[in-house]
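The structure appears below as C-alpha cells.
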Amino acid sequence: MARICTLSEAIEENVRDGDTLAMEGFTHLIPYAAGHEIIRQGRRELFLVRMTPDLIYDQLIGVGAARGMKFSWGGNPGVGSLHRFRDAVENQWPRPLEIEEHSHAAMANAYEAGAANLPFAMLRGYIGADLAKVNRNIKSVTCPFTGEVLAAVPSIRPDVSVIHAQKADRKGNVLIEGIAGVQKEAVLAARRSVVTVEEIVDELNPPSPNAVILPTWAISAVVHVPGGAFPSYAHGYYPRSNAFYIAWDKIARDRDSFAAWIKDNVLASTPGDFSRHLTKHAAA
Amino acid sequence: MSSAFTPTEMMTIAAARALTNDDVCFVGIGAPSAACNVARLTHAPDITLIYESGTIGTKPDVLPLSIGDGELCDTALCTVSVPEMFRYWLQGGRITTGFLGGAQIDRFANLNTTVVGEYERPQVRLPGGGGAPEIASNCGQIYITIALSKRGFVDHLDFITSMGHGEGGDHRSRLGMKTKGPTRVITDMCIFEPDPVTKELTVVSIHNGFTREQITENCGWPVRFSSSLTETPVPTEREISVLRDINARTKKAHEAA
C-alpha cells in the first residue's frame, strides 16, 4: 500500500544519495515539485534516467546533484539547448557528468523490459547509427528462430522512480490521463516509487475500464501537490507554460543567473508554492 | 505573388507539398511539424499525423512547441504510451513517411544532431537523436527539411545520429534495411533528391529567386544538379495564407501561456 504523506517525507524516505533515479513524464506530467524537493534535501551522486532530461534534469545537473545520466534527447523542446547539461558535458561544470546515451525507441523498450522483469530489451534499432560505437551498453542479439540480428540494451531498473499524475483516491490508487509516456513502465520497473498528484479524491471514477491506473500496492508513496508539474502540464488541469520554457533559455544560459533562480525559486520555496501556477491558469 | 513570400515560407510549403492524403506521417518537431500541418490544412486533409509522444491522428489548431503539447493529445484520434508508439506503430511498419529536421546533413542524407567535434569531448553538445535513429530506419521513406547553409550541409559529419544512405549506393540494403530512406530534402533555396544509383543528393528543383551559384556557395560539398532541373512553383495564395495563419495562432498561443 502506498503511504500518503508530504513531499518532504516521500523524498526523505525514498530517494537516497547515490540512487539511480528515474523521473518520467514525456513533456506532460513532469514531476517538477518533486525535483525541487530533491534539490532542497541536497541529494548527491544521483544517476539520473530520463528519456528527455528537459528542464527538470537541467536543474538537478546544474546544482551538481548528478554523477551521471542515461537519456535519449537532451534539448529544450522547440527552444534549443539545455545549457546546464551542455555546460556539464562541454566544460565539466559544476562537475563531470557521465553520460549513457540511447535513442527513444531503446529507452522505451528498456523501461518496458524493466517493468517485465527482464534483463534486457531488444529492438530493430541503431542500424547505421554511431551511438552503437560510443555506448558500450548497445549490443546485439541474434534471433534463435530467424537469425536476424537485433539491437539489445540493458533493461532500466531504477532504485526509485518519481512521476506526477492527475488523481489518486484515498487508498493511493493513481489515475493517469493524456500523454502517458513511460510513467507506468518507470514505476513498475523501480524498487521504490513516488507519485505526486493534482488531486486526492474519494472516488477515482476512471473514464474507461481501460484507463491507465497504478494500483496503490504497486507504489511506495503518494503526495498531493497541486500544480506540481509546472511548467510542464497536467491534462485537464493547466496547460504547458511554453512561455516559461522559452524564458528558461536565458535563465539557464548563465551560471550566475541559474544559481540565483534556484535560490529564489527552489531553495527559498515550498511544494505549496506550486499551487499558484494552478490558480493562475484556472483563472485564465 | 512571386516576391511576396520568404525563403523559409517557400521551404515549408515545398515540404508540405511532398505529403499526400494517404500518408501516415511520423512528425519531427520544428520545421517538419509546420510543413505537415500546412499539408493537412491544404491538399491533404485526411493525412494521419503521428508524434512520438504517442498521439495518433492529431489535428492541432496551433503548432506544438514540444512533441507532447496538450493540443496534440486533445485533437488526436487516440493517444498511446511511448513504448507502444515505438514498438507497435513505428517498428511495426505502420508509418509510410517520417519527416525529420536536423542540425547537419551530408551528401548521402545522413543526419547529425548529437555532437560537433569528438563525442567524448565535444565542441558543441547537441540534443541527440531522440526518435530519429529508428524513424530513419523503420518508416517507409524519409523527408528531411533543413535550411541550406555551409554549417548545415557539410562534407563530413562528426557523428551519424541517424543513417540516411550511409556511404551511398546500396549501403542500406547491405545492412538489412528494407525501407527507402531519405527520398527528398527540402531547403529554403532548392529541393534535393538522391541519385537513383549513387544515392548522392542532387538538386532537382530551384526555388524562385535563387541561382545555381547561390546553392553551390551555401553547400559544403561540390553540389550536383539534375539534368532535368526545374523551378519550384511559387506558393499559392491559399498555401501562404494557411501557413501565415497557423504561424500567427501559434505565436499568440505560445506567448500567452
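Chain identifiers are assigned as A, B, and so on, following the order in which chains appear in the C-alpha cells; residues are numbered from 1 within each chain, and ligands are numbered from 1 in order of appearance.
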Contacts of chain A with chain B up to 6 Å, shortest pair per row, only C-alpha atoms, as a tab-separated table:
```
residue	atom	partner	partner_atom	distance
A:Thr27	CA	B:Gly68	CA	5.2
A:Ser72	CA	B:Gly130	CA	5.1
A:Trp73	CA	B:Gly130	CA	4.5
A:Gly74	CA	B:Pro127	CA	4.3
A:Gly75	CA	B:Pro127	CA	4.6
A:Pro77	CA	B:Ser66	CA	4.9
A:Gly78	CA	B:Leu65	CA	4.9
A:Arg86	CA	B:Arg125	CA	5.9
A:Ser103	CA	B:Gly130	CA	5.2
A:His104	CA	B:Gly131	CA	4.9
A:Ala105	CA	B:Phe86	CA	5.5
A:Ala108	CA	B:Pro83	CA	4.8
A:Gly125	CA	B:Glu134	CA	5.6
A:Tyr126	CA	B:Pro133	CA	5.9
A:Gly128	CA	B:Met163	CA	5.4
A:Ala129	CA	B:Ser162	CA	5.4
A:Asp130	CA	B:Ile160	CA	5.3
A:Ala180	CA	B:Ser81	CA	5.5
A:Gly181	CA	B:Val82	CA	4.8
A:Val182	CA	B:Val82	CA	5.9
A:Ser241	CA	B:Ala257	CA	4.9
A:Asn242	CA	B:His254	CA	5.4
A:Ala243	CA	B:Glu255	CA	5.4
```
Check range 65-255 of chain B with DSSP on the backbone and list each residue it calls alpha helix (DSSP H), as a ChimeraX atom specification.
/B:70-74,82-84,132-138,171-174,212-217,237-255
Residues just named, written with C-alpha atoms as an mmCIF file, in the first residue's frame:
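In the end it all went to again.cif:
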```cif
data_model
loop_
_atom_site.group_PDB
_atom_site.id
_atom_site.type_symbol
_atom_site.label_atom_id
_atom_site.label_comp_id
_atom_site.auth_asym_id
_atom_site.auth_seq_id
_atom_site.Cartn_x
_atom_site.Cartn_y
_atom_site.Cartn_z
ATOM 1 C CA GLY B 70 -1.608 19.170 -24.802
ATOM 2 C CA GLU B 71 -3.002 20.384 -28.134
ATOM 3 C CA LEU B 72 -1.713 17.211 -29.799
ATOM 4 C CA CYS B 73 -3.495 14.912 -27.347
ATOM 5 C CA ASP B 74 -6.691 16.995 -27.301
ATOM 6 C CA VAL B 82 5.548 5.777 -25.753
ATOM 7 C CA PRO B 83 6.668 2.104 -25.739
ATOM 8 C CA GLU B 84 3.572 1.212 -27.785
ATOM 9 C CA ALA B 132 15.353 9.810 -35.183
ATOM 10 C CA PRO B 133 17.615 6.711 -35.395
ATOM 11 C CA GLU B 134 14.631 4.343 -35.600
ATOM 12 C CA ILE B 135 12.371 6.754 -37.507
ATOM 13 C CA ALA B 136 15.112 6.827 -40.174
ATOM 14 C CA SER B 137 15.239 3.042 -40.485
ATOM 15 C CA ASN B 138 11.634 1.978 -39.837
ATOM 16 C CA HIS B 171 24.517 0.611 -48.208
ATOM 17 C CA ARG B 172 21.045 0.486 -46.624
ATOM 18 C CA SER B 173 20.110 -2.843 -48.126
ATOM 19 C CA ARG B 174 23.536 -4.250 -47.242
ATOM 20 C CA ARG B 212 22.857 27.623 -59.043
ATOM 21 C CA GLU B 213 25.732 29.791 -57.820
ATOM 22 C CA GLN B 214 23.990 30.628 -54.544
ATOM 23 C CA ILE B 215 23.254 26.954 -53.937
ATOM 24 C CA THR B 216 26.849 25.968 -54.701
ATOM 25 C CA GLU B 217 28.164 28.662 -52.354
ATOM 26 C CA GLU B 237 -2.229 32.425 -52.102
ATOM 27 C CA ARG B 238 -4.003 29.665 -50.202
ATOM 28 C CA GLU B 239 -0.736 27.986 -49.155
ATOM 29 C CA ILE B 240 0.716 31.280 -47.944
ATOM 30 C CA SER B 241 -2.398 32.313 -46.049
ATOM 31 C CA VAL B 242 -2.748 28.913 -44.338
ATOM 32 C CA LEU B 243 0.913 28.989 -43.278
ATOM 33 C CA ARG B 244 0.771 32.570 -42.012
ATOM 34 C CA ASP B 245 -2.474 31.949 -40.156
ATOM 35 C CA ILE B 246 -1.135 28.908 -38.306
ATOM 36 C CA ASN B 247 2.127 30.702 -37.502
ATOM 37 C CA ALA B 248 0.195 33.686 -36.116
ATOM 38 C CA ARG B 249 -2.084 31.463 -33.993
ATOM 39 C CA THR B 250 0.969 29.580 -32.757
ATOM 40 C CA LYS B 251 2.922 32.706 -31.794
ATOM 41 C CA LYS B 252 -0.039 34.080 -29.886
ATOM 42 C CA ALA B 253 -0.652 30.801 -28.061
ATOM 43 C CA HIS B 254 2.981 30.240 -27.063
ATOM 44 C CA GLU B 255 3.435 33.736 -25.710
#
```
Neighbouring residues of Leu267 in chain A were defined as those with any atom within 8 Å, considering only C-alpha atoms; residues of the same chain fewer than 6 positions away were excluded. Please report them as a list in words.
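These residues fall inside the cut-off: His36, Ile39 and Arg40 of chain A.
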Kindly export the residues of the current selection with C-alpha atoms, as a CSV table (one decimal), in the first residue's frame.
```
chain,number,residue,atom,x,y,z
A,36,HIS,CA,12.8,20.8,-6.4
A,39,ILE,CA,17.4,19.7,-4.6
A,40,ARG,CA,16.3,21.2,-1.3
```
